[in-house]
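input.txt (compact mmCIF, C-alpha atoms) appears below.
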```
# COMPACT_ATOMS: atom_id res chain seq x y z
CA MET A 1 0.00 0.00 0.00
CA LYS A 2 1.55 3.29 -1.15
CA ILE A 3 0.67 6.14 1.14
CA THR A 4 1.61 9.82 1.11
CA VAL A 5 2.57 11.79 4.23
CA ARG A 6 -0.65 13.75 3.84
CA GLN A 7 -2.73 10.52 3.84
CA LEU A 8 -0.78 9.11 6.79
CA THR A 9 -1.40 12.30 8.77
CA LEU A 10 -5.10 12.23 7.92
CA CYS A 11 -5.24 8.58 9.09
CA ALA A 12 -3.64 9.53 12.41
CA VAL A 13 -6.02 12.46 12.92
CA LEU A 14 -9.02 10.26 12.06
CA ALA A 15 -7.87 7.52 14.48
CA ALA A 16 -7.57 10.13 17.25
CA LEU A 17 -11.00 11.52 16.32
CA ALA A 18 -12.55 8.03 16.44
CA LEU A 19 -11.06 7.42 19.90
CA ALA A 20 -12.34 10.78 21.14
CA LEU A 21 -15.81 10.08 19.71
CA SER A 22 -15.99 6.64 21.37
CA TYR A 23 -15.10 8.29 24.68
CA MET A 24 -17.50 11.20 24.17
CA GLU A 25 -20.29 8.74 23.46
CA SER A 26 -20.28 7.60 27.09
CA PHE A 27 -21.60 11.06 28.02
CA PHE A 28 -24.74 10.47 25.93
CA PRO A 29 -25.93 7.08 27.18
CA LEU A 30 -28.59 6.05 24.69
CA ALA A 31 -29.13 3.03 26.98
CA LEU A 32 -31.05 5.32 29.36
CA LEU A 33 -33.58 5.90 26.57
CA VAL A 34 -33.58 2.36 25.18
CA PRO A 35 -32.62 -0.08 27.94
CA LEU A 36 -30.83 -2.73 25.88
CA PRO A 37 -27.32 -4.07 26.38
CA GLY A 38 -24.95 -2.69 23.78
CA VAL A 39 -27.14 0.19 22.64
CA LYS A 40 -25.07 3.22 21.69
CA LEU A 41 -24.92 6.00 19.13
CA GLY A 42 -21.97 4.50 17.24
CA LEU A 43 -20.33 7.86 16.57
CA ALA A 44 -16.96 6.25 15.79
CA ASN A 45 -18.63 4.71 12.73
CA ILE A 46 -18.73 8.23 11.24
CA VAL A 47 -14.94 8.09 11.03
CA THR A 48 -14.95 4.59 9.45
CA LEU A 49 -17.51 5.70 6.88
CA TYR A 50 -15.64 8.89 6.02
CA ALA A 51 -12.28 7.10 5.81
CA LEU A 52 -13.77 4.42 3.56
CA TYR A 53 -14.84 6.97 0.94
CA ALA A 54 -11.99 9.47 1.35
CA LEU A 55 -9.01 7.12 1.79
CA GLY A 56 -10.20 3.67 0.76
CA PHE A 57 -10.60 0.30 2.48
CA PRO A 58 -6.98 -0.36 3.66
CA SER A 59 -6.73 3.01 5.42
CA ALA A 60 -10.21 2.65 6.93
CA LEU A 61 -9.24 -0.79 8.27
CA SER A 62 -5.98 0.53 9.78
CA ILE A 63 -7.83 3.38 11.50
CA LEU A 64 -10.40 0.92 12.84
CA LEU A 65 -7.74 -1.47 14.22
CA VAL A 66 -5.84 1.40 15.90
CA ARG A 67 -9.09 2.72 17.41
CA CYS A 68 -10.16 -0.68 18.79
CA THR A 69 -6.73 -1.59 20.20
CA LEU A 70 -6.03 1.79 21.82
CA GLY A 71 -9.62 2.08 23.04
CA ALA A 72 -9.37 -1.28 24.83
CA LEU A 73 -5.95 -0.34 26.24
CA PHE A 74 -7.13 3.04 27.56
CA ALA A 75 -10.24 1.52 29.08
CA GLY A 76 -8.11 -1.27 30.56
CA ASN A 77 -10.69 -3.75 29.40
CA LEU A 78 -9.42 -6.46 27.09
CA SER A 79 -12.76 -8.29 26.83
CA ALA A 80 -14.14 -5.10 25.25
CA LEU A 81 -11.64 -5.60 22.42
CA LEU A 82 -13.54 -8.61 21.04
CA PHE A 83 -16.76 -6.57 21.03
CA SER A 84 -15.36 -3.50 19.30
CA LEU A 85 -13.32 -5.57 16.82
CA LEU A 86 -16.14 -7.90 15.76
CA GLY A 87 -18.61 -5.00 15.59
CA GLY A 88 -16.23 -2.62 13.83
CA VAL A 89 -14.87 -5.09 11.28
CA SER A 90 -18.36 -6.39 10.36
CA ALA A 91 -19.55 -2.81 9.87
CA LEU A 92 -16.53 -1.92 7.73
CA LEU A 93 -16.85 -5.04 5.53
CA VAL A 94 -20.56 -4.47 4.88
CA MET A 95 -20.06 -0.77 4.19
CA ALA A 96 -17.10 -1.41 1.89
CA LEU A 97 -19.23 -3.86 -0.08
CA LEU A 98 -22.30 -1.61 -0.28
CA SER A 99 -20.32 1.55 -1.06
CA ARG A 100 -19.62 -0.06 -4.44
CA ALA A 101 -23.32 0.11 -5.25
CA LYS A 102 -23.61 3.45 -7.00
CA LYS A 103 -27.34 3.70 -6.43
CA LEU A 104 -27.03 3.71 -2.64
CA SER A 105 -26.42 7.00 -0.85
CA ILE A 106 -24.25 7.43 2.22
CA PHE A 107 -27.41 6.95 4.33
CA GLY A 108 -28.12 3.44 3.07
CA VAL A 109 -24.47 2.44 3.48
CA SER A 110 -24.42 3.87 7.01
CA VAL A 111 -27.63 2.11 8.11
CA ALA A 112 -26.32 -1.23 6.78
CA GLY A 113 -23.03 -0.61 8.61
CA ALA A 114 -24.80 0.13 11.90
CA ALA A 115 -26.89 -3.04 11.53
CA ALA A 116 -23.77 -5.10 10.78
CA HIS A 117 -22.07 -3.55 13.82
CA ASN A 118 -24.89 -4.84 16.04
CA CYS A 119 -24.72 -8.31 14.48
CA GLY A 120 -20.96 -8.41 15.17
CA GLN A 121 -21.43 -7.31 18.77
CA VAL A 122 -24.16 -9.87 19.41
CA CYS A 123 -21.76 -12.51 17.99
CA ALA A 124 -19.11 -11.29 20.44
CA ALA A 125 -21.63 -11.51 23.29
CA MET A 126 -22.56 -15.05 22.23
CA ILE A 127 -18.88 -16.06 22.19
CA THR A 128 -18.19 -14.42 25.58
CA LEU A 129 -21.26 -15.93 27.23
CA GLY A 130 -21.02 -19.26 25.46
CA SER A 131 -24.77 -19.09 24.95
CA SER A 132 -27.17 -18.05 22.21
CA ALA A 133 -29.15 -15.93 24.70
CA PRO A 134 -27.87 -12.54 23.39
CA LEU A 135 -29.53 -13.32 20.03
CA TYR A 136 -32.84 -12.41 21.67
CA TYR A 137 -31.75 -8.76 21.86
CA LEU A 138 -30.68 -8.53 18.20
CA PRO A 139 -34.08 -7.59 16.64
CA PHE A 140 -34.41 -4.61 19.00
CA LEU A 141 -30.80 -3.58 18.41
CA LEU A 142 -31.38 -3.77 14.63
CA LEU A 143 -34.40 -1.45 14.86
CA VAL A 144 -32.39 1.04 16.94
CA SER A 145 -29.58 0.84 14.37
CA LEU A 146 -31.94 2.26 11.72
CA PHE A 147 -31.93 5.53 13.66
CA THR A 148 -28.31 5.56 14.81
CA GLY A 149 -27.17 4.55 11.30
CA ALA A 150 -29.21 7.34 9.67
CA LEU A 151 -27.80 9.80 12.21
CA SER A 152 -24.16 8.89 11.49
CA GLY A 153 -24.95 8.96 7.75
CA LEU A 154 -26.29 12.50 8.18
CA VAL A 155 -23.21 13.63 10.13
CA THR A 156 -20.89 12.08 7.50
CA ALA A 157 -22.81 13.85 4.72
CA PHE A 158 -22.31 17.15 6.62
CA LEU A 159 -18.64 16.25 7.03
CA PHE A 160 -18.21 15.80 3.26
CA ARG A 161 -19.94 19.13 2.59
CA ALA A 162 -17.70 20.84 5.17
CA MET A 163 -14.58 19.26 3.62
CA ALA A 164 -15.57 20.27 0.07
CA HIS A 165 -12.71 22.80 -0.12
CA THR A 166 -10.05 20.10 0.50
CA PRO A 167 -8.86 17.21 -1.70
CA TYR A 168 -10.57 14.81 0.76
CA GLY A 169 -14.06 16.21 0.36
CA LYS A 170 -14.67 16.62 -3.35
CA GLU A 171 -14.85 14.55 -6.45
CA ASN A 172 -11.64 14.35 -8.43
CA MET B 1 -10.50 10.91 -2.50
CA LYS B 2 -11.25 7.34 -3.51
CA ARG B 3 -14.91 7.46 -4.34
CA PHE B 4 -17.31 10.33 -3.81
CA PRO B 5 -20.52 9.29 -2.03
CA GLU B 6 -24.05 10.29 -2.91
CA LEU B 7 -24.95 12.70 -0.09
CA LYS B 8 -28.73 12.74 -0.55
CA PRO B 9 -30.87 9.72 0.32
CA THR B 10 -32.00 7.69 -2.70
CA LYS B 11 -34.96 5.36 -3.06
CA TRP B 12 -32.53 2.43 -3.00
CA ASP B 13 -31.69 3.32 0.60
CA ALA B 14 -35.24 2.29 1.46
CA LEU B 15 -34.26 -1.21 0.31
CA VAL B 16 -31.49 -1.34 2.94
CA VAL B 17 -33.95 -0.16 5.61
CA LEU B 18 -36.44 -2.80 4.45
CA ALA B 19 -33.79 -5.52 4.59
CA VAL B 20 -32.82 -4.56 8.16
CA VAL B 21 -36.50 -4.45 9.24
CA LEU B 22 -37.18 -7.86 7.67
CA LEU B 23 -34.11 -9.34 9.37
CA ALA B 24 -35.26 -7.90 12.71
CA LEU B 25 -38.82 -9.19 12.25
CA GLY B 26 -37.58 -12.62 11.20
CA LEU B 27 -35.36 -12.89 14.27
CA ALA B 28 -38.09 -11.55 16.55
CA ALA B 29 -40.79 -13.84 15.19
CA ARG B 30 -39.72 -17.03 16.95
CA PRO B 31 -40.04 -16.05 20.63
CA PHE B 32 -43.08 -13.85 19.97
CA LEU B 33 -45.02 -16.45 18.02
CA ALA B 34 -44.45 -18.99 20.79
CA ALA B 35 -47.56 -19.51 22.85
CA ARG B 36 -47.66 -18.13 26.36
CA THR B 37 -47.89 -21.51 28.05
CA ALA B 38 -46.19 -20.96 31.37
CA ASP B 39 -46.63 -24.55 32.54
CA ALA B 40 -44.49 -25.96 29.71
CA LEU B 41 -41.56 -23.55 30.04
CA THR B 42 -38.18 -24.41 31.47
CA VAL B 43 -35.91 -21.87 33.16
CA VAL B 44 -32.26 -22.32 32.24
CA VAL B 45 -29.63 -20.29 34.09
CA SER B 46 -26.10 -20.41 32.75
CA ILE B 47 -22.86 -18.84 33.96
CA ASP B 48 -19.98 -18.57 31.50
CA GLY B 49 -21.85 -20.86 29.11
CA GLU B 50 -22.32 -23.63 31.67
CA THR B 51 -25.83 -24.49 32.79
CA VAL B 52 -26.03 -24.11 36.56
CA GLU B 53 -29.78 -24.48 36.94
CA ARG B 54 -32.52 -26.03 34.82
CA MET B 55 -36.02 -26.26 36.23
CA PRO B 56 -39.66 -26.07 35.07
CA LEU B 57 -40.89 -22.49 35.45
CA GLU B 58 -43.80 -23.49 37.72
CA ARG B 59 -41.38 -24.99 40.28
CA TYR B 60 -38.69 -22.31 39.96
CA GLU B 61 -38.64 -20.00 42.97
CA GLY B 62 -35.88 -17.68 41.89
CA GLY B 63 -32.33 -17.65 43.11
CA SER B 64 -29.14 -15.66 43.56
CA TYR B 65 -26.16 -16.37 41.31
CA GLU B 66 -22.64 -15.22 42.08
CA SER B 67 -20.18 -14.80 39.26
CA ARG B 68 -17.19 -12.56 38.61
CA GLY B 69 -17.73 -10.63 41.83
CA TYR B 70 -21.34 -9.78 41.01
CA THR B 71 -24.53 -11.14 42.51
CA VAL B 72 -27.55 -11.48 40.21
CA ARG B 73 -30.86 -12.17 41.93
CA VAL B 74 -33.51 -13.77 39.70
CA ALA B 75 -37.16 -13.70 40.77
CA ALA B 76 -40.07 -15.73 39.41
CA GLU B 77 -43.68 -14.62 39.68
CA GLY B 78 -46.89 -14.93 37.66
CA GLY B 79 -45.46 -17.21 34.99
CA ALA B 80 -42.50 -14.92 34.27
CA VAL B 81 -38.91 -14.50 35.42
CA ARG B 82 -36.94 -11.31 35.80
CA VAL B 83 -33.64 -10.14 37.23
CA ALA B 84 -34.87 -8.38 40.34
CA GLU B 85 -31.52 -7.13 41.52
CA SER B 86 -27.94 -7.05 40.33
CA ASP B 87 -24.88 -5.10 41.42
CA CYS B 88 -23.44 -5.00 37.91
CA PRO B 89 -22.47 -1.53 36.60
CA ASN B 90 -24.83 -1.13 33.63
CA GLN B 91 -28.04 -2.73 35.01
CA ASP B 92 -29.09 -3.88 31.51
CA CYS B 93 -30.28 -7.20 32.94
CA VAL B 94 -32.60 -5.47 35.43
CA HIS B 95 -33.91 -3.11 32.72
CA THR B 96 -34.71 -6.01 30.39
CA GLY B 97 -37.72 -6.68 32.64
CA ALA B 98 -39.75 -9.88 32.86
CA ILE B 99 -39.68 -12.65 30.23
CA SER B 100 -42.49 -15.19 29.86
CA ARG B 101 -42.16 -16.84 26.41
CA ALA B 102 -40.04 -19.65 25.01
CA GLY B 103 -36.86 -18.35 23.39
CA GLN B 104 -36.66 -15.16 25.44
CA SER B 105 -33.52 -14.40 27.42
CA ILE B 106 -32.08 -12.02 29.96
CA VAL B 107 -28.35 -11.45 29.75
CA CYS B 108 -26.05 -9.93 32.35
CA LEU B 109 -22.86 -9.50 30.39
CA PRO B 110 -20.56 -8.21 33.19
CA ALA B 111 -21.46 -11.23 35.33
CA ARG B 112 -21.64 -13.60 32.30
CA VAL B 113 -25.04 -14.81 33.48
CA ALA B 114 -27.78 -15.76 31.00
CA VAL B 115 -31.36 -16.66 31.95
CA THR B 116 -33.27 -18.34 29.12
CA LEU B 117 -36.79 -19.73 28.84
CA GLU B 118 -36.99 -22.93 26.83
CA GLY B 119 -40.13 -24.39 25.32
CA ALA B 120 -41.70 -27.72 26.21
CA SER B 121 -39.85 -29.53 23.43
CA ALA B 122 -36.54 -28.81 25.14
CA GLY B 123 -37.37 -30.88 28.22
CA TYR B 124 -39.79 -33.41 29.67
CA ASP B 125 -43.27 -32.57 30.94
CA VAL B 126 -43.61 -35.59 33.19
CA ILE B 127 -41.29 -38.48 33.85
CA VAL B 128 -43.27 -41.60 34.65
CA GLY B 129 -41.85 -44.76 36.18
```
Step by step, read the file and then write its structure as structure tokens.
Amino acid sequence: MKITVRQLTLCAVLAALALALSYMESFFPLALLVPLPGVKLGLANIVTLYALYALGFPSALSILLVRCTLGALFAGNLSALLFSLLGGVSALLVMALLSRAKKLSIFGVSVAGAAAHNCGQVCAAMITLGSSAPLYYLPFLLLVSLFTGALSGLVTAFLFRAMAHTPYGKEN
Amino acid sequence: MKRFPELKPTKWDALVVLAVVLLALGLAARPFLAARTADALTVVVSIDGETVERMPLERYEGGSYESRGYTVRVAAEGGAVRVAESDCPNQDCVHTGAISRAGQSIVCLPARVAVTLEGASAGYDVIVG
């Protein structure tokens, strides 16, 4: 993978932004509104989605791996690593696949990514618990992901409009 | 810039929403279509994937389960079970509320405790002889 200094710097900034967003998210506990395990806004997915379009799949994957590893290290919680990795990688794979469909907008891609994130996390919960019990929560999580996915799609669309004056926010 | 995204929703996005809704409905259908037959249900409590208690719902009187430094108290009443009390940090298990149908579960992830209701087919109604 050939990468310019400018791209590398953008990757580093985006990884830091994703970490900050994951931390910030804990101040807006969506779980108070919808009492389900694992419910959250998924703000860090904004960074994955932006990186996927602006920098491509390899960079988006690197940012994701750095975010998950450092996030688990900072939180001092290694069992959280499985959750963020399975959720994050599933979301990225689905979004990378769907972003190739020209007829889908950033909203559709984002909603599918949020849904895939929940599927990945429920898988992680099933592995951790050694039981299929967490599957019961998945339908509710999927319905919530319609809203959180649309929200992060909206924010990413704003981000692209705000970045329109840079090489990483316009068509070339 | 690798690929510039479409920034306005298209009608194809509705297809993604539909797919997610259908997946959710399909997954939800099983426990919700199951009949509310409390006498045939079995309570299964597992810790770290190992079943520690398995009992017909009508005979289950609740219990306290200790795991990973947490205590989860399960209560049974009126053909339903719920986590009445837990000292886990996020309280998701308590907020899940009561479950009363086959296939439903309550999970306490910090304590690694899962309470599941199984249908009649998963156990025996009566053992004779």
Near B:Tyr65, within 10 Å and counting all atoms listed in the file, which residues show up once chain neighbours fewer than 3 positions away are dropped, as a PDB file with C-alpha atoms, keeping the file's coordinate frame?
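Printed below is result37.pdb as written:
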```pdb
ATOM      1  CA  VAL B  45     -29.630 -20.290  34.090  1.00  0.00           C
ATOM      2  CA  SER B  46     -26.100 -20.410  32.750  1.00  0.00           C
ATOM      3  CA  ILE B  47     -22.860 -18.840  33.960  1.00  0.00           C
ATOM      4  CA  VAL B  52     -26.030 -24.110  36.560  1.00  0.00           C
ATOM      5  CA  GLU B  53     -29.780 -24.480  36.940  1.00  0.00           C
ATOM      6  CA  GLY B  62     -35.880 -17.680  41.890  1.00  0.00           C
ATOM      7  CA  TYR B  70     -21.340  -9.780  41.010  1.00  0.00           C
ATOM      8  CA  THR B  71     -24.530 -11.140  42.510  1.00  0.00           C
ATOM      9  CA  VAL B  72     -27.550 -11.480  40.210  1.00  0.00           C
ATOM     10  CA  ARG B  73     -30.860 -12.170  41.930  1.00  0.00           C
ATOM     11  CA  VAL B  74     -33.510 -13.770  39.700  1.00  0.00           C
ATOM     12  CA  SER B  86     -27.940  -7.050  40.330  1.00  0.00           C
ATOM     13  CA  ALA B 111     -21.460 -11.230  35.330  1.00  0.00           C
ATOM     14  CA  VAL B 113     -25.040 -14.810  33.480  1.00  0.00           C
TER      15      VAL B 113
END
```
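Take atom CA of B:Glu6 and atom CA of A:Leu104: the distance between them is 7.2 Å.
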Q. What is the distance, in Å and to one decimal place, between atom CA of A:Gln7 and atom CA of A:Lys103?
A.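 Answer for the atom CA of A:Gln7 to atom CA of A:Lys103 separation: 27.5 Å.
Counting only C-alpha atoms, B:Arg54 has the following residues at most 12 Å away, ignoring those fewer than 5 positions along the same chain: B:Leu41, B:Thr42, B:Val43, B:Val44, B:Val45, B:Ser46, B:Arg59, B:Tyr60, B:Glu61, B:Gly62, B:Gly63, B:Ala114, B:Val115, B:Thr116, B:Leu117, B:Glu118, B:Ala122, B:Gly123, B:Tyr124.
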Would you mind listing, for every residue of chain B within 8 Å of chain A, the two atoms forming the shortest contact and the distance between them in Å to one decimal, using all atoms listed in the file, sorted by chain and ascending residue number, as a Markdown table?
```
| residue | atom | partner | partner_atom | distance |
| --- | --- | --- | --- | --- |
| B:Met1 | CA | A:Ala54 | CA | 4.4 |
| B:Lys2 | CA | A:Ala54 | CA | 5.4 |
| B:Arg3 | CA | A:Tyr53 | CA | 5.3 |
| B:Phe4 | CA | A:Glu171 | CA | 5.6 |
| B:Pro5 | CA | A:Ile106 | CA | 6.0 |
| B:Glu6 | CA | A:Ser105 | CA | 4.5 |
| B:Leu7 | CA | A:Ala157 | CA | 5.4 |
| B:Lys8 | CA | A:Ser105 | CA | 6.2 |
| B:Pro9 | CA | A:Ser105 | CA | 5.3 |
| B:Thr10 | CA | A:Ser105 | CA | 5.9 |
| B:Trp12 | CA | A:Leu104 | CA | 5.7 |
| B:Asp13 | CA | A:Gly108 | CA | 4.3 |
| B:Ala14 | CA | A:Gly108 | CA | 7.4 |
| B:Val16 | CA | A:Gly108 | CA | 5.8 |
| B:Val17 | CA | A:Leu146 | CA | 6.9 |
| B:Val20 | CA | A:Leu142 | CA | 6.7 |
| B:Val21 | CA | A:Leu143 | CA | 6.7 |
| B:Leu23 | CA | A:Pro139 | CA | 7.5 |
| B:Ala24 | CA | A:Pro139 | CA | 4.1 |
| B:Leu25 | CA | A:Pro139 | CA | 6.7 |
| B:Leu27 | CA | A:Pro139 | CA | 5.9 |
| B:Ala28 | CA | A:Pro139 | CA | 5.6 |
| B:Ile47 | CA | A:Leu129 | CA | 7.5 |
| B:Asp48 | CA | A:Leu129 | CA | 5.2 |
| B:Gly49 | CA | A:Gly130 | CA | 4.1 |
| B:Glu50 | CA | A:Gly130 | CA | 7.7 |
| B:Asp92 | CA | A:Pro37 | CA | 5.4 |
| B:Cys93 | CA | A:Pro37 | CA | 7.8 |
| B:His95 | CA | A:Pro35 | CA | 5.8 |
| B:Thr96 | CA | A:Pro35 | CA | 6.7 |
| B:Gly103 | CA | A:Tyr136 | CA | 7.4 |
| B:Gln104 | CA | A:Tyr136 | CA | 6.0 |
| B:Ser105 | CA | A:Ala133 | CA | 5.4 |
| B:Ile106 | CA | A:Ala133 | CA | 7.2 |
| B:Val107 | CA | A:Pro134 | CA | 6.5 |
| B:Leu109 | CA | A:Leu129 | CA | 7.3 |
| B:Arg112 | CA | A:Leu129 | CA | 5.6 |
| B:Val113 | CA | A:Leu129 | CA | 7.4 |
| B:Ala114 | CA | A:Ala133 | CA | 6.4 |
| B:Val115 | CA | A:Ala133 | CA | 7.6 |
| B:Thr116 | CA | A:Ala133 | CA | 6.5 |
```
Q. Hey, can you check how far atom CA of A:Phe147 sits from atom CA of A:Leu97?
A.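 Spanning atom CA of A:Phe147 to atom CA of A:Leu97 is a straight-line distance of 20.9 Å.
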Q.
Counting only C-alpha atoms, which residue out of A:Val122, A:Leu73, A:Ile46, A:Ala12 sits closest to A:Met95?
A.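 Checking each candidate against A:Met95, we get A:Ile46 as the closest.
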**Q.** Nearest-residue call for A:Leu49, choices A:Ala91, A:Leu33, A:His165, A:Ala124, using only C-alpha atoms
**A.** A:Ala91
Using 5 Å of padding on each side, determine the axis-aligned box around all atoms of stretch 57-75 of chain B present in the file and give its centre and edge lengths in Å to one decimal, as JSON.
```
{"center_x": -30.5, "center_y": -17.4, "center_z": 39.5, "size_x": 36.6, "size_y": 25.2, "size_z": 18.1}
```
Working from the structure I just supplied, which lacks atoms in stretch 55-82 of chain A, can you model N, CA and C atoms there and output them as an mmCIF file, in the frame of the given file?
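Once written, out-v7.cif looks like this:
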```
data_model
loop_
_atom_site.group_PDB
_atom_site.id
_atom_site.type_symbol
_atom_site.label_atom_id
_atom_site.label_comp_id
_atom_site.auth_asym_id
_atom_site.auth_seq_id
_atom_site.Cartn_x
_atom_site.Cartn_y
_atom_site.Cartn_z
ATOM 1 N N LEU A 55 -10.354 7.705 1.854
ATOM 2 C CA LEU A 55 -9.010 7.120 1.790
ATOM 3 C C LEU A 55 -8.992 5.694 1.267
ATOM 4 N N GLY A 56 -10.154 5.049 1.258
ATOM 5 C CA GLY A 56 -10.200 3.670 0.760
ATOM 6 C C GLY A 56 -10.183 2.653 1.883
ATOM 7 N N PHE A 57 -10.433 1.376 1.503
ATOM 8 C CA PHE A 57 -10.600 0.300 2.480
ATOM 9 C C PHE A 57 -9.376 0.048 3.358
ATOM 10 N N PRO A 58 -8.134 -0.041 2.785
ATOM 11 C CA PRO A 58 -6.980 -0.360 3.660
ATOM 12 C C PRO A 58 -6.777 0.679 4.761
ATOM 13 N N SER A 59 -6.911 1.967 4.413
ATOM 14 C CA SER A 59 -6.730 3.010 5.420
ATOM 15 C C SER A 59 -7.841 2.945 6.465
ATOM 16 N N ALA A 60 -9.082 2.725 5.995
ATOM 17 C CA ALA A 60 -10.210 2.650 6.930
ATOM 18 C C ALA A 60 -10.015 1.505 7.907
ATOM 19 N N LEU A 61 -9.478 0.376 7.403
ATOM 20 C CA LEU A 61 -9.240 -0.790 8.270
ATOM 21 C C LEU A 61 -8.146 -0.478 9.297
ATOM 22 N N SER A 62 -7.057 0.190 8.845
ATOM 23 C CA SER A 62 -5.980 0.530 9.780
ATOM 24 C C SER A 62 -6.495 1.434 10.887
ATOM 25 N N ILE A 63 -7.290 2.448 10.508
ATOM 26 C CA ILE A 63 -7.830 3.380 11.500
ATOM 27 C C ILE A 63 -8.693 2.622 12.509
ATOM 28 N N LEU A 64 -9.506 1.703 11.982
ATOM 29 C CA LEU A 64 -10.400 0.920 12.840
ATOM 30 C C LEU A 64 -9.602 0.078 13.844
ATOM 31 N N LEU A 65 -8.534 -0.598 13.350
ATOM 32 C CA LEU A 65 -7.740 -1.470 14.220
ATOM 33 C C LEU A 65 -7.043 -0.652 15.307
ATOM 34 N N VAL A 66 -6.506 0.530 14.917
ATOM 35 C CA VAL A 66 -5.840 1.400 15.900
ATOM 36 C C VAL A 66 -6.853 1.863 16.948
ATOM 37 N N ARG A 67 -8.054 2.242 16.485
ATOM 38 C CA ARG A 67 -9.090 2.720 17.410
ATOM 39 C C ARG A 67 -9.485 1.625 18.418
ATOM 40 N N CYS A 68 -9.723 0.410 17.912
ATOM 41 C CA CYS A 68 -10.160 -0.680 18.790
ATOM 42 C C CYS A 68 -9.075 -1.046 19.805
ATOM 43 N N THR A 69 -7.827 -1.184 19.318
ATOM 44 C CA THR A 69 -6.730 -1.590 20.200
ATOM 45 C C THR A 69 -6.476 -0.536 21.271
ATOM 46 N N LEU A 70 -6.313 0.729 20.849
ATOM 47 C CA LEU A 70 -6.030 1.790 21.820
ATOM 48 C C LEU A 70 -7.211 2.007 22.758
ATOM 49 N N GLY A 71 -8.422 1.913 22.214
ATOM 50 C CA GLY A 71 -9.620 2.080 23.040
ATOM 51 C C GLY A 71 -9.670 1.061 24.162
ATOM 52 N N ALA A 72 -9.370 -0.212 23.819
ATOM 53 C CA ALA A 72 -9.370 -1.280 24.830
ATOM 54 C C ALA A 72 -8.249 -1.070 25.834
ATOM 55 N N LEU A 73 -7.084 -0.592 25.355
ATOM 56 C CA LEU A 73 -5.950 -0.340 26.240
ATOM 57 C C LEU A 73 -6.259 0.780 27.227
ATOM 58 N N PHE A 74 -6.823 1.884 26.706
ATOM 59 C CA PHE A 74 -7.130 3.040 27.560
ATOM 60 C C PHE A 74 -8.185 2.693 28.583
ATOM 61 N N ALA A 75 -9.168 1.880 28.153
ATOM 62 C CA ALA A 75 -10.240 1.520 29.080
ATOM 63 C C ALA A 75 -9.775 0.416 30.029
ATOM 64 N N GLY A 76 -8.624 -0.196 29.738
ATOM 65 C CA GLY A 76 -8.110 -1.270 30.560
ATOM 66 C C GLY A 76 -9.027 -2.469 30.572
ATOM 67 N N ASN A 77 -9.693 -2.691 29.452
ATOM 68 C CA ASN A 77 -10.690 -3.750 29.400
ATOM 69 C C ASN A 77 -10.474 -4.575 28.136
ATOM 70 N N LEU A 78 -9.766 -5.692 28.281
ATOM 71 C CA LEU A 78 -9.420 -6.460 27.090
ATOM 72 C C LEU A 78 -10.613 -7.221 26.517
ATOM 73 N N SER A 79 -11.612 -7.556 27.370
ATOM 74 C CA SER A 79 -12.760 -8.290 26.830
ATOM 75 C C SER A 79 -13.589 -7.368 25.944
ATOM 76 N N ALA A 80 -13.427 -6.039 26.112
ATOM 77 C CA ALA A 80 -14.140 -5.100 25.250
ATOM 78 C C ALA A 80 -13.554 -5.116 23.842
ATOM 79 N N LEU A 81 -12.305 -5.590 23.725
ATOM 80 C CA LEU A 81 -11.640 -5.600 22.420
ATOM 81 C C LEU A 81 -12.386 -6.494 21.433
ATOM 82 N N LEU A 82 -12.811 -7.667 21.900
ATOM 83 C CA LEU A 82 -13.540 -8.610 21.040
ATOM 84 C C LEU A 82 -14.821 -7.953 20.514
#
```
